[in-house]
file entry22.cif (mmCIF, N, CA and C atoms)
data_my_file
#
loop_
_atom_site.group_PDB
_atom_site.id
_atom_site.type_symbol
_atom_site.label_atom_id
_atom_site.label_comp_id
_atom_site.auth_asym_id
_atom_site.auth_seq_id
_atom_site.Cartn_x
_atom_site.Cartn_y
_atom_site.Cartn_z
ATOM 1 N N MET X 1 75.329 125.359 99.863
ATOM 2 C CA MET X 1 75.525 124.309 100.832
ATOM 3 C C MET X 1 76.820 124.518 101.614
ATOM 4 N N THR X 2 77.907 124.856 100.911
ATOM 5 C CA THR X 2 79.159 125.076 101.641
ATOM 6 C C THR X 2 79.062 126.278 102.569
ATOM 7 N N ASP X 3 78.185 127.232 102.241
ATOM 8 C CA ASP X 3 77.976 128.375 103.144
ATOM 9 C C ASP X 3 77.409 127.904 104.479
ATOM 10 N N LEU X 4 76.499 126.926 104.439
ATOM 11 C CA LEU X 4 75.918 126.391 105.671
ATOM 12 C C LEU X 4 76.968 125.664 106.498
ATOM 13 N N VAL X 5 77.830 124.910 105.841
ATOM 14 C CA VAL X 5 78.898 124.195 106.545
ATOM 15 C C VAL X 5 79.874 125.201 107.153
ATOM 16 N N GLU X 6 80.227 126.233 106.387
ATOM 17 C CA GLU X 6 81.142 127.252 106.897
ATOM 18 C C GLU X 6 80.548 127.970 108.108
ATOM 19 N N GLN X 7 79.254 128.288 108.067
ATOM 20 C CA GLN X 7 78.617 128.948 109.206
ATOM 21 C C GLN X 7 78.576 128.031 110.423
ATOM 22 N N HIS X 8 78.304 126.746 110.192
ATOM 23 C CA HIS X 8 78.304 125.748 111.274
ATOM 24 C C HIS X 8 79.692 125.684 111.914
ATOM 25 N N PHE X 9 80.721 125.651 111.087
ATOM 26 C CA PHE X 9 82.113 125.638 111.543
ATOM 27 C C PHE X 9 82.377 126.853 112.438
ATOM 28 N N LYS X 10 81.999 128.039 111.967
ATOM 29 C CA LYS X 10 82.237 129.272 112.720
ATOM 30 C C LYS X 10 81.434 129.305 114.013
ATOM 31 N N ASP X 11 80.183 128.840 113.948
ATOM 32 C CA ASP X 11 79.340 128.827 115.153
ATOM 33 C C ASP X 11 79.935 127.943 116.245
ATOM 34 N N LEU X 12 80.507 126.808 115.855
ATOM 35 C CA LEU X 12 80.999 125.846 116.846
ATOM 36 C C LEU X 12 82.443 126.074 117.261
ATOM 37 N N THR X 13 83.241 126.694 116.411
ATOM 38 C CA THR X 13 84.644 126.897 116.772
ATOM 39 C C THR X 13 84.918 128.310 117.249
ATOM 40 N N GLY X 14 84.004 129.233 116.975
ATOM 41 C CA GLY X 14 84.183 130.611 117.427
ATOM 42 C C GLY X 14 85.458 131.206 116.885
ATOM 43 N N ASP X 15 86.210 131.822 117.758
ATOM 44 C CA ASP X 15 87.457 132.473 117.363
ATOM 45 C C ASP X 15 88.641 131.675 117.904
ATOM 46 N N ASP X 16 88.682 130.386 117.568
ATOM 47 C CA ASP X 16 89.742 129.510 118.061
ATOM 48 C C ASP X 16 90.993 129.524 117.185
ATOM 49 N N GLY X 17 91.076 130.456 116.250
ATOM 50 C CA GLY X 17 92.231 130.528 115.379
ATOM 51 C C GLY X 17 92.240 129.472 114.288
ATOM 52 N N LEU X 18 91.076 128.885 114.017
ATOM 53 C CA LEU X 18 90.972 127.880 112.967
ATOM 54 C C LEU X 18 90.504 128.556 111.677
ATOM 55 N N GLU X 19 91.049 128.085 110.557
ATOM 56 C CA GLU X 19 90.721 128.679 109.264
ATOM 57 C C GLU X 19 90.405 127.585 108.251
ATOM 58 N N ILE X 20 89.315 127.743 107.538
ATOM 59 C CA ILE X 20 88.960 126.799 106.477
ATOM 60 C C ILE X 20 89.825 127.102 105.258
ATOM 61 N N VAL X 21 90.494 126.061 104.756
ATOM 62 C CA VAL X 21 91.311 126.186 103.545
ATOM 63 C C VAL X 21 90.474 125.832 102.322
ATOM 64 N N GLY X 22 89.625 124.816 102.464
ATOM 65 C CA GLY X 22 88.774 124.393 101.359
ATOM 66 C C GLY X 22 87.779 123.335 101.788
ATOM 67 N N MET X 23 86.788 123.089 100.944
ATOM 68 C CA MET X 23 85.753 122.081 101.214
ATOM 69 C C MET X 23 85.405 121.352 99.932
ATOM 70 N N LYS X 24 84.984 120.098 100.091
ATOM 71 C CA LYS X 24 84.554 119.302 98.943
ATOM 72 C C LYS X 24 83.495 118.315 99.432
ATOM 73 N N VAL X 25 82.362 118.267 98.740
ATOM 74 C CA VAL X 25 81.336 117.274 99.046
ATOM 75 C C VAL X 25 81.795 115.956 98.423
ATOM 76 N N ILE X 26 81.768 114.890 99.221
ATOM 77 C CA ILE X 26 82.255 113.584 98.785
ATOM 78 C C ILE X 26 81.242 112.513 99.188
ATOM 79 N N GLY X 27 81.548 111.279 98.894
ATOM 80 C CA GLY X 27 80.752 110.166 99.400
ATOM 81 C C GLY X 27 79.654 109.699 98.469
ATOM 82 N N SER X 28 78.788 108.868 99.029
ATOM 83 C CA SER X 28 77.774 108.174 98.239
ATOM 84 C C SER X 28 76.803 109.114 97.542
ATOM 85 N N ARG X 29 76.522 110.255 98.134
ATOM 86 C CA ARG X 29 75.570 111.186 97.504
ATOM 87 C C ARG X 29 76.157 111.829 96.242
ATOM 88 N N THR X 30 77.462 111.913 96.144
ATOM 89 C CA THR X 30 78.089 112.469 94.941
ATOM 90 C C THR X 30 78.312 111.402 93.875
ATOM 91 N N LYS X 31 78.246 110.141 94.283
ATOM 92 C CA LYS X 31 78.495 109.039 93.351
ATOM 93 C C LYS X 31 77.212 108.379 92.863
ATOM 94 N N GLY X 32 76.065 108.906 93.315
ATOM 95 C CA GLY X 32 74.795 108.306 92.925
ATOM 96 C C GLY X 32 74.537 106.964 93.585
ATOM 97 N N LYS X 33 75.189 106.722 94.728
ATOM 98 C CA LYS X 33 75.050 105.438 95.425
ATOM 99 C C LYS X 33 74.392 105.587 96.796
ATOM 100 N N ALA X 34 73.803 106.746 97.036
ATOM 101 C CA ALA X 34 73.218 107.017 98.346
ATOM 102 C C ALA X 34 71.944 106.214 98.565
ATOM 103 N N ARG X 35 71.781 105.798 99.802
ATOM 104 C CA ARG X 35 70.522 105.192 100.240
ATOM 105 C C ARG X 35 69.688 106.300 100.886
ATOM 106 N N GLU X 36 68.470 105.982 101.195
ATOM 107 C CA GLU X 36 67.586 106.978 101.814
ATOM 108 C C GLU X 36 68.160 107.504 103.132
ATOM 109 N N ASP X 37 68.870 106.654 103.874
ATOM 110 C CA ASP X 37 69.403 107.044 105.181
ATOM 111 C C ASP X 37 70.860 107.522 105.120
ATOM 112 N N SER X 38 71.402 107.716 103.917
ATOM 113 C CA SER X 38 72.791 108.164 103.786
ATOM 114 C C SER X 38 72.954 109.597 104.263
ATOM 115 N N ASP X 39 74.110 109.839 104.889
ATOM 116 C CA ASP X 39 74.422 111.208 105.284
ATOM 117 C C ASP X 39 75.093 111.920 104.122
ATOM 118 N N LEU X 40 75.383 113.184 104.316
ATOM 119 C CA LEU X 40 76.094 113.981 103.323
ATOM 120 C C LEU X 40 77.500 114.184 103.859
ATOM 121 N N ASP X 41 78.497 113.696 103.121
ATOM 122 C CA ASP X 41 79.885 113.777 103.569
ATOM 123 C C ASP X 41 80.564 115.000 102.990
ATOM 124 N N VAL X 42 81.218 115.768 103.866
ATOM 125 C CA VAL X 42 81.943 116.965 103.448
ATOM 126 C C VAL X 42 83.374 116.858 103.964
ATOM 127 N N LEU X 43 84.318 116.930 103.050
ATOM 128 C CA LEU X 43 85.736 116.972 103.391
ATOM 129 C C LEU X 43 86.096 118.434 103.607
ATOM 130 N N LEU X 44 86.678 118.744 104.765
ATOM 131 C CA LEU X 44 86.983 120.127 105.118
ATOM 132 C C LEU X 44 88.450 120.234 105.499
ATOM 133 N N GLU X 45 89.226 120.913 104.669
ATOM 134 C CA GLU X 45 90.633 121.149 104.980
ATOM 135 C C GLU X 45 90.722 122.430 105.807
ATOM 136 N N PHE X 46 91.501 122.368 106.891
ATOM 137 C CA PHE X 46 91.607 123.535 107.765
ATOM 138 C C PHE X 46 93.037 123.734 108.254
ATOM 139 N N LYS X 47 93.284 124.950 108.756
ATOM 140 C CA LYS X 47 94.546 125.287 109.414
ATOM 141 C C LYS X 47 94.216 125.657 110.849
ATOM 142 N N GLY X 48 95.117 125.311 111.750
ATOM 143 C CA GLY X 48 94.929 125.693 113.141
ATOM 144 C C GLY X 48 95.544 124.684 114.077
ATOM 145 N N ASP X 49 95.425 124.963 115.364
ATOM 146 C CA ASP X 49 96.069 124.137 116.381
ATOM 147 C C ASP X 49 95.249 122.949 116.851
ATOM 148 N N MET X 50 94.005 122.832 116.454
ATOM 149 C CA MET X 50 93.172 121.708 116.889
ATOM 150 C C MET X 50 93.490 120.473 116.040
ATOM 151 N N SER X 51 93.410 119.299 116.656
ATOM 152 C CA SER X 51 93.640 118.059 115.911
ATOM 153 C C SER X 51 92.452 117.752 115.008
ATOM 154 N N GLU X 52 92.694 116.953 113.992
ATOM 155 C CA GLU X 52 91.610 116.535 113.107
ATOM 156 C C GLU X 52 90.517 115.827 113.903
ATOM 157 N N ASP X 53 90.924 114.903 114.785
ATOM 158 C CA ASP X 53 89.947 114.159 115.592
ATOM 159 C C ASP X 53 89.169 115.087 116.516
ATOM 160 N N GLY X 54 89.867 116.035 117.129
ATOM 161 C CA GLY X 54 89.198 116.974 118.023
ATOM 162 C C GLY X 54 88.157 117.808 117.290
ATOM 163 N N LEU X 55 88.524 118.301 116.108
ATOM 164 C CA LEU X 55 87.576 119.103 115.340
ATOM 165 C C LEU X 55 86.432 118.246 114.823
ATOM 166 N N PHE X 56 86.724 117.006 114.426
ATOM 167 C CA PHE X 56 85.660 116.096 114.003
ATOM 168 C C PHE X 56 84.618 115.961 115.110
ATOM 169 N N ASN X 57 85.084 115.754 116.339
ATOM 170 C CA ASN X 57 84.161 115.589 117.472
ATOM 171 C C ASN X 57 83.328 116.844 117.710
ATOM 172 N N VAL X 58 83.932 118.011 117.574
ATOM 173 C CA VAL X 58 83.193 119.267 117.756
ATOM 174 C C VAL X 58 82.125 119.425 116.679
ATOM 175 N N LEU X 59 82.496 119.192 115.419
ATOM 176 C CA LEU X 59 81.588 119.454 114.300
ATOM 177 C C LEU X 59 80.491 118.416 114.134
ATOM 178 N N ASN X 60 80.723 117.206 114.640
ATOM 179 C CA ASN X 60 79.772 116.112 114.409
ATOM 180 C C ASN X 60 79.105 115.603 115.674
ATOM 181 N N ASP X 61 79.242 116.334 116.760
ATOM 182 C CA ASP X 61 78.585 115.991 118.017
ATOM 183 C C ASP X 61 77.076 115.862 117.779
ATOM 184 N N GLU X 62 76.469 114.806 118.275
ATOM 185 C CA GLU X 62 75.038 114.559 118.024
ATOM 186 C C GLU X 62 74.165 115.749 118.421
ATOM 187 N N GLU X 63 74.521 116.414 119.479
ATOM 188 C CA GLU X 63 73.724 117.540 119.958
ATOM 189 C C GLU X 63 73.801 118.756 119.020
ATOM 190 N N ASN X 64 74.951 118.922 118.356
ATOM 191 C CA ASN X 64 75.167 120.095 117.509
ATOM 192 C C ASN X 64 75.294 119.762 116.030
ATOM 193 N N ARG X 65 74.964 118.546 115.646
ATOM 194 C CA ARG X 65 75.153 118.102 114.261
ATOM 195 C C ARG X 65 74.364 118.972 113.287
ATOM 196 N N LEU X 66 74.974 119.212 112.143
ATOM 197 C CA LEU X 66 74.339 119.984 111.081
ATOM 198 C C LEU X 66 73.451 119.067 110.242
ATOM 199 N N TYR X 67 72.256 119.551 109.934
ATOM 200 C CA TYR X 67 71.335 118.870 109.021
ATOM 201 C C TYR X 67 70.991 119.845 107.908
ATOM 202 N N ILE X 68 70.991 119.351 106.684
ATOM 203 C CA ILE X 68 70.581 120.156 105.542
ATOM 204 C C ILE X 68 69.422 119.431 104.876
ATOM 205 N N GLU X 69 68.265 120.071 104.875
ATOM 206 C CA GLU X 69 67.038 119.475 104.339
ATOM 207 C C GLU X 69 66.775 118.099 104.933
ATOM 208 N N GLY X 70 67.011 117.973 106.239
ATOM 209 C CA GLY X 70 66.759 116.733 106.963
ATOM 210 C C GLY X 70 67.843 115.677 106.829
ATOM 211 N N ILE X 71 68.882 115.976 106.083
ATOM 212 C CA ILE X 71 69.980 115.020 105.877
ATOM 213 C C ILE X 71 71.128 115.372 106.820
ATOM 214 N N PRO X 72 71.591 114.399 107.633
ATOM 215 C CA PRO X 72 72.724 114.682 108.510
ATOM 216 C C PRO X 72 73.999 114.897 107.692
ATOM 217 N N VAL X 73 74.781 115.885 108.113
ATOM 218 C CA VAL X 73 76.034 116.211 107.430
ATOM 219 C C VAL X 73 77.188 115.690 108.276
ATOM 220 N N ASP X 74 78.044 114.884 107.665
ATOM 221 C CA ASP X 74 79.226 114.324 108.312
ATOM 222 C C ASP X 74 80.420 115.120 107.802
ATOM 223 N N ILE X 75 80.972 115.977 108.665
ATOM 224 C CA ILE X 75 82.082 116.845 108.269
ATOM 225 C C ILE X 75 83.386 116.172 108.673
ATOM 226 N N ASN X 76 84.243 115.922 107.684
ATOM 227 C CA ASN X 76 85.503 115.219 107.895
ATOM 228 C C ASN X 76 86.665 116.197 107.756
ATOM 229 N N PRO X 77 87.174 116.713 108.886
ATOM 230 C CA PRO X 77 88.253 117.699 108.824
ATOM 231 C C PRO X 77 89.616 117.043 108.582
ATOM 232 N N ILE X 78 90.426 117.694 107.737
ATOM 233 C CA ILE X 78 91.792 117.247 107.479
ATOM 234 C C ILE X 78 92.724 118.452 107.485
ATOM 235 N N THR X 79 93.990 118.179 107.769
ATOM 236 C CA THR X 79 95.021 119.211 107.691
ATOM 237 C C THR X 79 96.115 118.740 106.747
ATOM 238 N N LYS X 80 96.788 119.687 106.151
ATOM 239 C CA LYS X 80 97.877 119.359 105.226
ATOM 240 C C LYS X 80 98.917 118.471 105.911
ATOM 241 N N GLY X 81 99.176 118.714 107.178
ATOM 242 C CA GLY X 81 100.211 117.978 107.896
ATOM 243 C C GLY X 81 99.846 116.569 108.314
ATOM 244 N N LYS X 82 98.574 116.240 108.385
ATOM 245 C CA LYS X 82 98.184 114.893 108.826
ATOM 246 C C LYS X 82 97.408 114.157 107.745
ATOM 247 N N GLY X 83 96.193 114.574 107.454
ATOM 248 C CA GLY X 83 95.365 113.884 106.467
ATOM 249 C C GLY X 83 95.707 114.268 105.040
ATOM 250 N N GLY X 84 96.473 115.357 104.898
ATOM 251 C CA GLY X 84 96.846 115.836 103.574
ATOM 252 C C GLY X 84 95.885 116.903 103.086
ATOM 253 N N THR X 85 96.212 117.461 101.944
ATOM 254 C CA THR X 85 95.330 118.446 101.328
ATOM 255 C C THR X 85 94.116 117.721 100.737
ATOM 256 N N ILE X 86 93.123 118.490 100.339
ATOM 257 C CA ILE X 86 91.946 117.888 99.703
ATOM 258 C C ILE X 86 92.371 117.097 98.470
ATOM 259 N N GLU X 87 93.250 117.671 97.655
ATOM 260 C CA GLU X 87 93.695 116.990 96.435
ATOM 261 C C GLU X 87 94.397 115.670 96.758
ATOM 262 N N GLN X 88 95.261 115.672 97.776
ATOM 263 C CA GLN X 88 95.959 114.444 98.178
ATOM 264 C C GLN X 88 94.966 113.402 98.699
ATOM 265 N N TRP X 89 94.027 113.853 99.513
ATOM 266 C CA TRP X 89 93.033 112.938 100.071
ATOM 267 C C TRP X 89 92.195 112.311 98.960
ATOM 268 N N LEU X 90 91.757 113.134 98.009
ATOM 269 C CA LEU X 90 90.935 112.628 96.906
ATOM 270 C C LEU X 90 91.695 111.613 96.062
ATOM 271 N N LYS X 91 92.985 111.844 95.827
ATOM 272 C CA LYS X 91 93.784 110.895 95.059
ATOM 273 C C LYS X 91 93.901 109.567 95.802
ATOM 274 N N ARG X 92 94.204 109.630 97.111
ATOM 275 C CA ARG X 92 94.288 108.388 97.909
ATOM 276 C C ARG X 92 92.965 107.647 97.882
ATOM 277 N N ASN X 93 91.873 108.366 97.994
ATOM 278 C CA ASN X 93 90.557 107.745 98.004
ATOM 279 C C ASN X 93 90.246 107.105 96.652
ATOM 280 N N ALA X 94 90.591 107.789 95.557
ATOM 281 C CA ALA X 94 90.365 107.233 94.219
ATOM 282 C C ALA X 94 91.208 105.975 94.019
ATOM 283 N N ASP X 95 92.467 106.007 94.486
ATOM 284 C CA ASP X 95 93.329 104.823 94.394
ATOM 285 C C ASP X 95 92.745 103.669 95.203
ATOM 286 N N TYR X 96 92.234 103.966 96.392
ATOM 287 C CA TYR X 96 91.613 102.951 97.252
ATOM 288 C C TYR X 96 90.382 102.350 96.572
ATOM 289 N N ASP X 97 89.525 103.211 96.008
ATOM 290 C CA ASP X 97 88.326 102.726 95.317
ATOM 291 C C ASP X 97 88.702 101.844 94.130
ATOM 292 N N LYS X 98 89.729 102.250 93.390
ATOM 293 C CA LYS X 98 90.161 101.472 92.230
ATOM 294 C C LYS X 98 90.694 100.110 92.661
ATOM 295 N N GLU X 99 91.478 100.083 93.717
ATOM 296 C CA GLU X 99 92.018 98.811 94.225
ATOM 297 C C GLU X 99 90.887 97.897 94.686
ATOM 298 N N ASN X 100 89.905 98.445 95.384
ATOM 299 C CA ASN X 100 88.767 97.637 95.823
ATOM 300 C C ASN X 100 87.986 97.099 94.636
ATOM 301 N N GLU X 101 87.823 97.921 93.605
ATOM 302 C CA GLU X 101 87.125 97.474 92.402
ATOM 303 C C GLU X 101 87.908 96.348 91.726
ATOM 304 N N ASN X 102 89.225 96.478 91.643
ATOM 305 C CA ASN X 102 90.060 95.433 91.050
ATOM 306 C C ASN X 102 89.981 94.136 91.851
ATOM 307 N N ASN X 103 90.010 94.254 93.178
ATOM 308 C CA ASN X 103 89.895 93.065 94.030
ATOM 309 C C ASN X 103 88.540 92.399 93.847
ATOM 310 N N SER X 104 87.488 93.196 93.719
ATOM 311 C CA SER X 104 86.155 92.665 93.525
ATOM 312 C C SER X 104 86.049 91.924 92.178
ATOM 313 N N LEU X 105 86.649 92.494 91.144
ATOM 314 C CA LEU X 105 86.625 91.850 89.821
ATOM 315 C C LEU X 105 87.412 90.560 89.850
ATOM 316 N N ARG X 106 88.572 90.546 90.530
ATOM 317 C CA ARG X 106 89.358 89.315 90.640
ATOM 318 C C ARG X 106 88.568 88.237 91.360
ATOM 319 N N PHE X 107 87.866 88.625 92.399
ATOM 320 C CA PHE X 107 87.091 87.661 93.170
ATOM 321 C C PHE X 107 85.989 87.047 92.309
ATOM 322 N N ARG X 108 85.324 87.866 91.499
ATOM 323 C CA ARG X 108 84.242 87.372 90.648
ATOM 324 C C ARG X 108 84.760 86.485 89.533
ATOM 325 N N CYS X 109 85.990 86.706 89.086
ATOM 326 C CA CYS X 109 86.550 85.934 87.964
ATOM 327 C C CYS X 109 87.126 84.599 88.419
ATOM 328 N N ASP X 110 87.475 84.497 89.686
ATOM 329 C CA ASP X 110 88.088 83.239 90.181
ATOM 330 C C ASP X 110 87.086 82.125 90.324
#
call {"tool": "encode", "arguments": {"input": "entry22.cif", "output": "C-alpha cells"}}
result
Amino acid sequence: MTDLVEQHFKDLTGDDGLEIVGMKVIGSRTKGKAREDSDLDVLLEFKGDMSEDGLFNVLNDEENRLYIEGIPVDINPITKGKGGTIEQWLKRNADYDKENENNSLRFRCD
C-alpha cells in the first residue's frame, strides 16, 4: 500500500526536490472505527521546499486523487519544521484522543 502512495507522490510531484521521510497509515480504518464511506488516511513526512498545505492540495486534488480498491486515500503531508515528525504527530494525536475520551467520560458522569 505504501508503494502505491509513494508512486502517486512521485507521479504528481515529479522532480520537485521533495523527498519522503516516512509514512504511516492512520485514522478510523486503523482503529476499527471506519464506516463504509471512510477514506484511508496516510500521514506522510517529507523534506523539501513545498508547504504542507501546498503538497496536500497537489496530492488530494479531486481530479488526481488516489484510490486503493475503491477507497479514497487522504494523504496528510507534514514536515519536521511545521507539523513535526511522524512520531511527534502521533504523540500529539494520542494525547488529543485521550483528552477527548476524558472529557467524554466526565460529561457522562456529571
call {"tool": "resolve_selection", "arguments": {"input": "entry22.cif", "expression": "the PyMOL selection byres ((chain X and resi 15-21) around 6.5)", "output": "number ranges by chain"}}
result
X: 13-14, 22-23, 44-49
call {"tool": "residues_around", "arguments": {"input": "entry22.cif", "residues": "stretch 53-62 of chain X", "least_positions_apart": "2", "cutoff": "8 Å", "atoms": "all atoms listed in the file", "output": "PDB file with N, CA and C atoms, in the coordinates of the input"}}
result
ATOM      1  N   HIS X   8      78.304 126.746 110.192  1.00  0.00           N
ATOM      2  CA  HIS X   8      78.304 125.748 111.274  1.00  0.00           C
ATOM      3  C   HIS X   8      79.692 125.684 111.914  1.00  0.00           C
ATOM      4  N   PHE X   9      80.721 125.651 111.087  1.00  0.00           N
ATOM      5  CA  PHE X   9      82.113 125.638 111.543  1.00  0.00           C
ATOM      6  C   PHE X   9      82.377 126.853 112.438  1.00  0.00           C
ATOM      7  N   LEU X  12      80.507 126.808 115.855  1.00  0.00           N
ATOM      8  CA  LEU X  12      80.999 125.846 116.846  1.00  0.00           C
ATOM      9  C   LEU X  12      82.443 126.074 117.261  1.00  0.00           C
ATOM     10  N   THR X  13      83.241 126.694 116.411  1.00  0.00           N
ATOM     11  CA  THR X  13      84.644 126.897 116.772  1.00  0.00           C
ATOM     12  C   THR X  13      84.918 128.310 117.249  1.00  0.00           C
ATOM     13  N   MET X  50      94.005 122.832 116.454  1.00  0.00           N
ATOM     14  CA  MET X  50      93.172 121.708 116.889  1.00  0.00           C
ATOM     15  C   MET X  50      93.490 120.473 116.040  1.00  0.00           C
ATOM     16  N   SER X  51      93.410 119.299 116.656  1.00  0.00           N
ATOM     17  CA  SER X  51      93.640 118.059 115.911  1.00  0.00           C
ATOM     18  C   SER X  51      92.452 117.752 115.008  1.00  0.00           C
ATOM     19  N   ASN X  64      74.951 118.922 118.356  1.00  0.00           N
ATOM     20  CA  ASN X  64      75.167 120.095 117.509  1.00  0.00           C
ATOM     21  C   ASN X  64      75.294 119.762 116.030  1.00  0.00           C
ATOM     22  N   ARG X  65      74.964 118.546 115.646  1.00  0.00           N
ATOM     23  CA  ARG X  65      75.153 118.102 114.261  1.00  0.00           C
ATOM     24  C   ARG X  65      74.364 118.972 113.287  1.00  0.00           C
ATOM     25  N   LEU X  66      74.974 119.212 112.143  1.00  0.00           N
ATOM     26  CA  LEU X  66      74.339 119.984 111.081  1.00  0.00           C
ATOM     27  C   LEU X  66      73.451 119.067 110.242  1.00  0.00           C
ATOM     28  N   VAL X  73      74.781 115.885 108.113  1.00  0.00           N
ATOM     29  CA  VAL X  73      76.034 116.211 107.430  1.00  0.00           C
ATOM     30  C   VAL X  73      77.188 115.690 108.276  1.00  0.00           C
ATOM     31  N   ASP X  74      78.044 114.884 107.665  1.00  0.00           N
ATOM     32  CA  ASP X  74      79.226 114.324 108.312  1.00  0.00           C
ATOM     33  C   ASP X  74      80.420 115.120 107.802  1.00  0.00           C
ATOM     34  N   ILE X  75      80.972 115.977 108.665  1.00  0.00           N
ATOM     35  CA  ILE X  75      82.082 116.845 108.269  1.00  0.00           C
ATOM     36  C   ILE X  75      83.386 116.172 108.673  1.00  0.00           C
ATOM     37  N   ASN X  76      84.243 115.922 107.684  1.00  0.00           N
ATOM     38  CA  ASN X  76      85.503 115.219 107.895  1.00  0.00           C
ATOM     39  C   ASN X  76      86.665 116.197 107.756  1.00  0.00           C
ATOM     40  N   PRO X  77      87.174 116.713 108.886  1.00  0.00           N
ATOM     41  CA  PRO X  77      88.253 117.699 108.824  1.00  0.00           C
ATOM     42  C   PRO X  77      89.616 117.043 108.582  1.00  0.00           C
ATOM     43  N   ILE X  78      90.426 117.694 107.737  1.00  0.00           N
ATOM     44  CA  ILE X  78      91.792 117.247 107.479  1.00  0.00           C
ATOM     45  C   ILE X  78      92.724 118.452 107.485  1.00  0.00           C
TER      46      ILE X  78
END
call {"tool": "resolve_selection", "arguments": {"input": "entry22.cif", "expression": "the PyMOL selection byres ((chain X and resi 38) around 8)", "output": "PDB file with N, CA and C atoms, keeping the file's coordinate frame"}}
result
ATOM      1  N   SER X  28      78.788 108.868  99.029  1.00  0.00           N
ATOM      2  CA  SER X  28      77.774 108.174  98.239  1.00  0.00           C
ATOM      3  C   SER X  28      76.803 109.114  97.542  1.00  0.00           C
ATOM      4  N   ARG X  29      76.522 110.255  98.134  1.00  0.00           N
ATOM      5  CA  ARG X  29      75.570 111.186  97.504  1.00  0.00           C
ATOM      6  C   ARG X  29      76.157 111.829  96.242  1.00  0.00           C
ATOM      7  N   LYS X  33      75.189 106.722  94.728  1.00  0.00           N
ATOM      8  CA  LYS X  33      75.050 105.438  95.425  1.00  0.00           C
ATOM      9  C   LYS X  33      74.392 105.587  96.796  1.00  0.00           C
ATOM     10  N   ALA X  34      73.803 106.746  97.036  1.00  0.00           N
ATOM     11  CA  ALA X  34      73.218 107.017  98.346  1.00  0.00           C
ATOM     12  C   ALA X  34      71.944 106.214  98.565  1.00  0.00           C
ATOM     13  N   ARG X  35      71.781 105.798  99.802  1.00  0.00           N
ATOM     14  CA  ARG X  35      70.522 105.192 100.240  1.00  0.00           C
ATOM     15  C   ARG X  35      69.688 106.300 100.886  1.00  0.00           C
ATOM     16  N   GLU X  36      68.470 105.982 101.195  1.00  0.00           N
ATOM     17  CA  GLU X  36      67.586 106.978 101.814  1.00  0.00           C
ATOM     18  C   GLU X  36      68.160 107.504 103.132  1.00  0.00           C
ATOM     19  N   ASP X  37      68.870 106.654 103.874  1.00  0.00           N
ATOM     20  CA  ASP X  37      69.403 107.044 105.181  1.00  0.00           C
ATOM     21  C   ASP X  37      70.860 107.522 105.120  1.00  0.00           C
ATOM     22  N   ASP X  39      74.110 109.839 104.889  1.00  0.00           N
ATOM     23  CA  ASP X  39      74.422 111.208 105.284  1.00  0.00           C
ATOM     24  C   ASP X  39      75.093 111.920 104.122  1.00  0.00           C
ATOM     25  N   LEU X  40      75.383 113.184 104.316  1.00  0.00           N
ATOM     26  CA  LEU X  40      76.094 113.981 103.323  1.00  0.00           C
ATOM     27  C   LEU X  40      77.500 114.184 103.859  1.00  0.00           C
ATOM     28  N   ASP X  41      78.497 113.696 103.121  1.00  0.00           N
ATOM     29  CA  ASP X  41      79.885 113.777 103.569  1.00  0.00           C
ATOM     30  C   ASP X  41      80.564 115.000 102.990  1.00  0.00           C
ATOM     31  N   ILE X  71      68.882 115.976 106.083  1.00  0.00           N
ATOM     32  CA  ILE X  71      69.980 115.020 105.877  1.00  0.00           C
ATOM     33  C   ILE X  71      71.128 115.372 106.820  1.00  0.00           C
ATOM     34  N   PRO X  72      71.591 114.399 107.633  1.00  0.00           N
ATOM     35  CA  PRO X  72      72.724 114.682 108.510  1.00  0.00           C
ATOM     36  C   PRO X  72      73.999 114.897 107.692  1.00  0.00           C
ATOM     37  N   VAL X  73      74.781 115.885 108.113  1.00  0.00           N
ATOM     38  CA  VAL X  73      76.034 116.211 107.430  1.00  0.00           C
ATOM     39  C   VAL X  73      77.188 115.690 108.276  1.00  0.00           C
TER      40      VAL X  73
END
call {"tool": "select_by_dssp", "arguments": {"input": "entry22.cif", "residues": "stretch 20-69 of chain X", "states": "helix (DSSP H, G or I)", "output": "PyMOL selection string"}}
result
chain X and resi 28-31+52-60
call {"tool": "atom_distance", "arguments": {"input": "entry22.cif", "atom1": "atom CA of X:Asp3", "atom2": "atom N of X:Tyr67"}}
result
12.5 Å
call {"tool": "atom_distance", "arguments": {"input": "entry22.cif", "atom1": "atom CA of X:Lys24", "atom2": "atom CA of X:Lys98"}}
result
19.9 Å
call {"tool": "atom_distance", "arguments": {"input": "entry22.cif", "atom1": "atom CA of X:Asn93", "atom2": "atom CA of X:Lys10"}}
result
27.4 Å
call {"tool": "select_by_dssp", "arguments": {"input": "entry22.cif", "residues": "chain X", "states": "strand (DSSP E)", "output": "list of chain:residue names"}}
result
X:Glu19, X:Ile20, X:Val21, X:Gly22, X:Met23, X:Lys24, X:Val25, X:Ile26, X:Leu40, X:Asp41, X:Val42, X:Leu43, X:Leu44, X:Glu45, X:Phe46, X:Lys47, X:Tyr67, X:Ile68, X:Ile71, X:Pro72, X:Val73, X:Asp74, X:Ile75, X:Asn76, X:Pro77, X:Ile78
call {"tool": "closest_residue", "arguments": {"input": "entry22.cif", "among": "X:Leu4, X:Lys31, X:Ile26, X:Thr79", "to": "X:Leu43", "atoms": "only C-alpha atoms"}}
result
X:Ile26
call {"tool": "axis_aligned_box", "arguments": {"input": "entry22.cif", "around": "stretch 58-73 of chain X", "padding_each_side": "4 Å", "output": "JSON"}}
result
{"center_x": 75.3, "center_y": 117.3, "center_z": 112.1, "size_x": 25.2, "size_y": 13.8, "size_z": 23.6}
